[in-house]
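Colleague: This is the structure, below, for whatever I ask next.
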Amino acid sequence: MALKAALFVLAFFFFVTSTTGIAEPPAVGRHAAPSPAPAPHPHIFVNYQECPAACKARCRLQSRQGLCNRVCMTCCKGCKCVPPGTAGNRELCGPCYTDWTTHGNRTKCP
């Protein structure tokens, strides 16, 4: 009886591995090549000189462009980031950009 159960388990194991395409584990001593580091987002700025052009693009559709540009420059200087597009995508800049609020507890960064 135990022999039948062992044969059943062994046959089931071979059936499952052959139908699911499970590969063999890698040989000892062989390591997979490390994955390359992810490329930085195009909206993250390293220096302050890139902020004016990014803020101008971000605020170009706002009705109050002067105010938007001033606030955007403050956020760019503090967070070193301006989200892509003219609105939305704030979460791409992280908590510094999304959690910064005004005295009235409204979001600061456009």
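The chains in the structure tokens are called A, B, ... from first to last as shown; in each chain the residues are counted from 1, and the ligands are counted from 1 in the order shown.
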Show which residues sit within 12 Å of range 50-54 of chain A, as a CSV table (one decimal) with N, CA, C and O atoms, in the first residue's frame. Count only C-alpha atoms, and ignore same-chain residues fewer than 4 positions away.
Modeller:
```
chain,number,residue,atom,x,y,z
A,42,PRO,N,12.3,61.3,-15.7
A,42,PRO,CA,12.8,62.5,-16.4
A,42,PRO,C,12.3,63.8,-15.6
A,42,PRO,O,12.8,64.8,-15.9
A,43,HIS,N,11.5,63.7,-14.7
A,43,HIS,CA,11.0,64.9,-14.0
A,43,HIS,C,11.8,65.2,-12.7
A,43,HIS,O,11.5,66.1,-12.0
A,44,ILE,N,12.7,64.3,-12.3
A,44,ILE,CA,13.5,64.6,-11.1
A,44,ILE,C,14.7,65.4,-11.5
A,44,ILE,O,15.5,65.0,-12.4
A,45,PHE,N,14.9,66.5,-10.9
A,45,PHE,CA,16.0,67.4,-11.2
A,45,PHE,C,17.1,67.3,-10.2
A,45,PHE,O,16.9,67.2,-9.0
A,46,VAL,N,18.3,67.4,-10.7
A,46,VAL,CA,19.5,67.4,-9.8
A,46,VAL,C,19.9,68.8,-9.4
A,46,VAL,O,20.3,69.0,-8.3
A,58,ARG,N,4.9,73.1,-16.5
A,58,ARG,CA,3.8,72.6,-15.6
A,58,ARG,C,2.7,73.6,-15.5
A,58,ARG,O,1.5,73.2,-15.4
A,59,CYS,N,3.0,74.9,-15.5
A,59,CYS,CA,2.0,75.9,-15.2
A,59,CYS,C,1.4,76.6,-16.5
A,59,CYS,O,0.7,77.6,-16.3
A,60,ARG,N,1.7,76.1,-17.6
A,60,ARG,CA,1.4,76.8,-18.9
A,60,ARG,C,-0.1,76.9,-19.1
A,60,ARG,O,-0.6,77.8,-19.8
A,66,GLY,N,1.5,83.2,-12.8
A,66,GLY,CA,2.6,83.8,-11.9
A,66,GLY,C,2.6,83.1,-10.5
A,66,GLY,O,3.6,82.8,-10.0
A,68,CYS,N,1.3,80.1,-9.8
A,68,CYS,CA,1.7,78.7,-10.1
A,68,CYS,C,3.2,78.6,-10.2
A,68,CYS,O,3.8,77.7,-9.6
A,69,ASN,N,3.8,79.5,-11.0
A,69,ASN,CA,5.3,79.4,-11.2
A,69,ASN,C,6.0,79.7,-9.9
A,69,ASN,O,7.0,79.0,-9.6
A,70,ARG,N,5.6,80.6,-9.1
A,70,ARG,CA,6.3,80.9,-7.8
A,70,ARG,C,6.2,79.7,-6.9
A,70,ARG,O,7.2,79.3,-6.3
A,71,VAL,N,5.0,79.1,-6.7
A,71,VAL,CA,4.9,78.0,-5.8
A,71,VAL,C,5.6,76.8,-6.4
A,71,VAL,O,6.3,76.0,-5.7
A,72,CYS,N,5.5,76.6,-7.7
A,72,CYS,CA,6.2,75.5,-8.3
A,72,CYS,C,7.7,75.6,-8.1
A,72,CYS,O,8.4,74.6,-7.9
A,73,MET,N,8.3,76.8,-8.2
A,73,MET,CA,9.7,77.0,-8.0
A,73,MET,C,10.1,76.6,-6.6
A,73,MET,O,11.1,76.0,-6.3
A,74,THR,N,9.2,77.0,-5.6
A,74,THR,CA,9.5,76.7,-4.2
A,74,THR,C,9.5,75.1,-4.0
A,74,THR,O,10.4,74.6,-3.3
A,75,CYS,N,8.5,74.5,-4.6
A,75,CYS,CA,8.5,73.0,-4.5
A,75,CYS,C,9.6,72.3,-5.2
A,75,CYS,O,10.2,71.3,-4.7
A,76,CYS,N,10.0,72.9,-6.4
A,76,CYS,CA,11.1,72.3,-7.1
A,76,CYS,C,12.4,72.4,-6.3
A,76,CYS,O,13.2,71.5,-6.3
A,77,LYS,N,12.6,73.6,-5.7
A,77,LYS,CA,13.8,73.8,-4.9
A,77,LYS,C,13.9,72.9,-3.7
A,77,LYS,O,14.9,72.3,-3.4
A,78,GLY,N,12.7,72.7,-3.0
A,78,GLY,CA,12.7,71.9,-1.8
A,78,GLY,C,12.7,70.4,-2.1
A,78,GLY,O,13.3,69.7,-1.4
A,79,CYS,N,11.9,70.0,-3.1
A,79,CYS,CA,11.8,68.6,-3.3
A,79,CYS,C,12.6,68.0,-4.5
A,79,CYS,O,12.7,66.8,-4.7
A,80,LYS,N,13.2,69.0,-5.3
A,80,LYS,CA,14.0,68.6,-6.4
A,80,LYS,C,13.2,67.8,-7.4
A,80,LYS,O,13.8,66.8,-8.0
A,81,CYS,N,12.0,68.2,-7.6
A,81,CYS,CA,11.1,67.4,-8.5
A,81,CYS,C,10.0,68.2,-9.0
A,81,CYS,O,9.4,69.0,-8.2
A,82,VAL,N,9.6,68.1,-10.3
A,82,VAL,CA,8.4,68.6,-10.8
A,82,VAL,C,7.7,67.5,-11.6
A,82,VAL,O,8.3,66.9,-12.5
A,83,PRO,N,6.4,67.2,-11.3
A,83,PRO,CA,5.8,66.1,-12.1
A,83,PRO,C,5.6,66.4,-13.5
A,83,PRO,O,5.5,67.6,-13.9
A,84,PRO,N,5.6,65.4,-14.4
A,84,PRO,CA,5.3,65.6,-15.8
A,84,PRO,C,3.9,66.0,-16.1
A,84,PRO,O,3.0,65.7,-15.3
A,85,GLY,N,3.7,66.7,-17.1
A,85,GLY,CA,2.3,67.1,-17.5
A,85,GLY,C,1.9,68.5,-16.9
A,85,GLY,O,2.7,69.1,-16.1
A,86,THR,N,0.7,68.9,-17.2
A,86,THR,CA,0.3,70.2,-16.7
A,86,THR,C,-0.6,70.1,-15.4
A,86,THR,O,-0.8,71.1,-14.7
A,110,PRO,N,1.8,72.5,-7.1
A,110,PRO,CA,0.9,72.3,-8.2
A,110,PRO,C,1.0,71.0,-8.9
A,110,PRO,O,2.1,70.4,-8.9
```
Colleague: Need the shell around range 99-103 of chain A: protein/DNA/RNA residues with any atom at most 10 Å away, counting only C-alpha atoms. Skip same-chain ones fewer than 4 positions apart. Format as a list in words?
Modeller: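 Final neighbour list, sorted by chain and number: Cys75, Gly78, Cys79, Arg90, Glu91, Gly94, Pro95, Thr107, Lys108 and Cys109 of chain A.
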Colleague: For the selection just defined, write its residues with N, CA, C and O atoms to a file, as a PDB file, in the first residue's frame.
Modeller:
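As written to disk, out.pdb reads:
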```
ATOM      1  N   CYS A  75       8.531  74.465  -4.604  1.00  0.00           N
ATOM      2  CA  CYS A  75       8.458  73.004  -4.483  1.00  0.00           C
ATOM      3  C   CYS A  75       9.617  72.329  -5.202  1.00  0.00           C
ATOM      4  O   CYS A  75      10.164  71.338  -4.723  1.00  0.00           O
ATOM      5  N   GLY A  78      12.703  72.729  -3.036  1.00  0.00           N
ATOM      6  CA  GLY A  78      12.655  71.918  -1.817  1.00  0.00           C
ATOM      7  C   GLY A  78      12.663  70.422  -2.075  1.00  0.00           C
ATOM      8  O   GLY A  78      13.324  69.662  -1.375  1.00  0.00           O
ATOM      9  N   CYS A  79      11.925  69.997  -3.091  1.00  0.00           N
ATOM     10  CA  CYS A  79      11.762  68.556  -3.345  1.00  0.00           C
ATOM     11  C   CYS A  79      12.623  68.050  -4.497  1.00  0.00           C
ATOM     12  O   CYS A  79      12.697  66.838  -4.714  1.00  0.00           O
ATOM     13  N   ARG A  90       1.130  63.959  -9.285  1.00  0.00           N
ATOM     14  CA  ARG A  90       1.878  64.451  -8.135  1.00  0.00           C
ATOM     15  C   ARG A  90       2.552  63.328  -7.375  1.00  0.00           C
ATOM     16  O   ARG A  90       3.618  63.517  -6.798  1.00  0.00           O
ATOM     17  N   GLU A  91       1.938  62.139  -7.366  1.00  0.00           N
ATOM     18  CA  GLU A  91       2.493  61.023  -6.602  1.00  0.00           C
ATOM     19  C   GLU A  91       3.841  60.553  -7.147  1.00  0.00           C
ATOM     20  O   GLU A  91       4.590  59.878  -6.460  1.00  0.00           O
ATOM     21  N   GLY A  94       6.787  61.786  -4.993  1.00  0.00           N
ATOM     22  CA  GLY A  94       6.967  61.285  -3.643  1.00  0.00           C
ATOM     23  C   GLY A  94       6.303  62.132  -2.573  1.00  0.00           C
ATOM     24  O   GLY A  94       5.630  63.129  -2.855  1.00  0.00           O
ATOM     25  N   PRO A  95       6.513  61.752  -1.319  1.00  0.00           N
ATOM     26  CA  PRO A  95       5.813  62.402  -0.211  1.00  0.00           C
ATOM     27  C   PRO A  95       6.208  63.866  -0.004  1.00  0.00           C
ATOM     28  O   PRO A  95       5.405  64.652   0.482  1.00  0.00           O
ATOM     29  N   THR A 107      -3.008  71.511  -0.353  1.00  0.00           N
ATOM     30  CA  THR A 107      -1.738  71.090  -0.950  1.00  0.00           C
ATOM     31  C   THR A 107      -1.021  72.302  -1.536  1.00  0.00           C
ATOM     32  O   THR A 107      -1.641  73.164  -2.154  1.00  0.00           O
ATOM     33  N   LYS A 108       0.279  72.364  -1.323  1.00  0.00           N
ATOM     34  CA  LYS A 108       1.042  73.517  -1.744  1.00  0.00           C
ATOM     35  C   LYS A 108       1.514  73.393  -3.194  1.00  0.00           C
ATOM     36  O   LYS A 108       1.411  74.332  -3.972  1.00  0.00           O
ATOM     37  N   CYS A 109       2.043  72.247  -3.545  1.00  0.00           N
ATOM     38  CA  CYS A 109       2.698  72.085  -4.841  1.00  0.00           C
ATOM     39  C   CYS A 109       1.684  71.812  -5.943  1.00  0.00           C
ATOM     40  O   CYS A 109       0.787  70.986  -5.772  1.00  0.00           O
TER      41      CYS A 109
END
```
Colleague: Just the number, please: distance in Å from CA of Cys96 in chain A to CA of Ala57 in chain A, one decimal.
Modeller: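 Rounded to one decimal, the two atoms are 20.3 Å apart.
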Colleague: Would you mind reading off the distance between CA of Gly88 in chain A and CA of Gln62 in chain A, one decimal, in Å?
Modeller: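 Taking CA of Gly88 in chain A and CA of Gln62 in chain A, their separation equals 12.7 Å.
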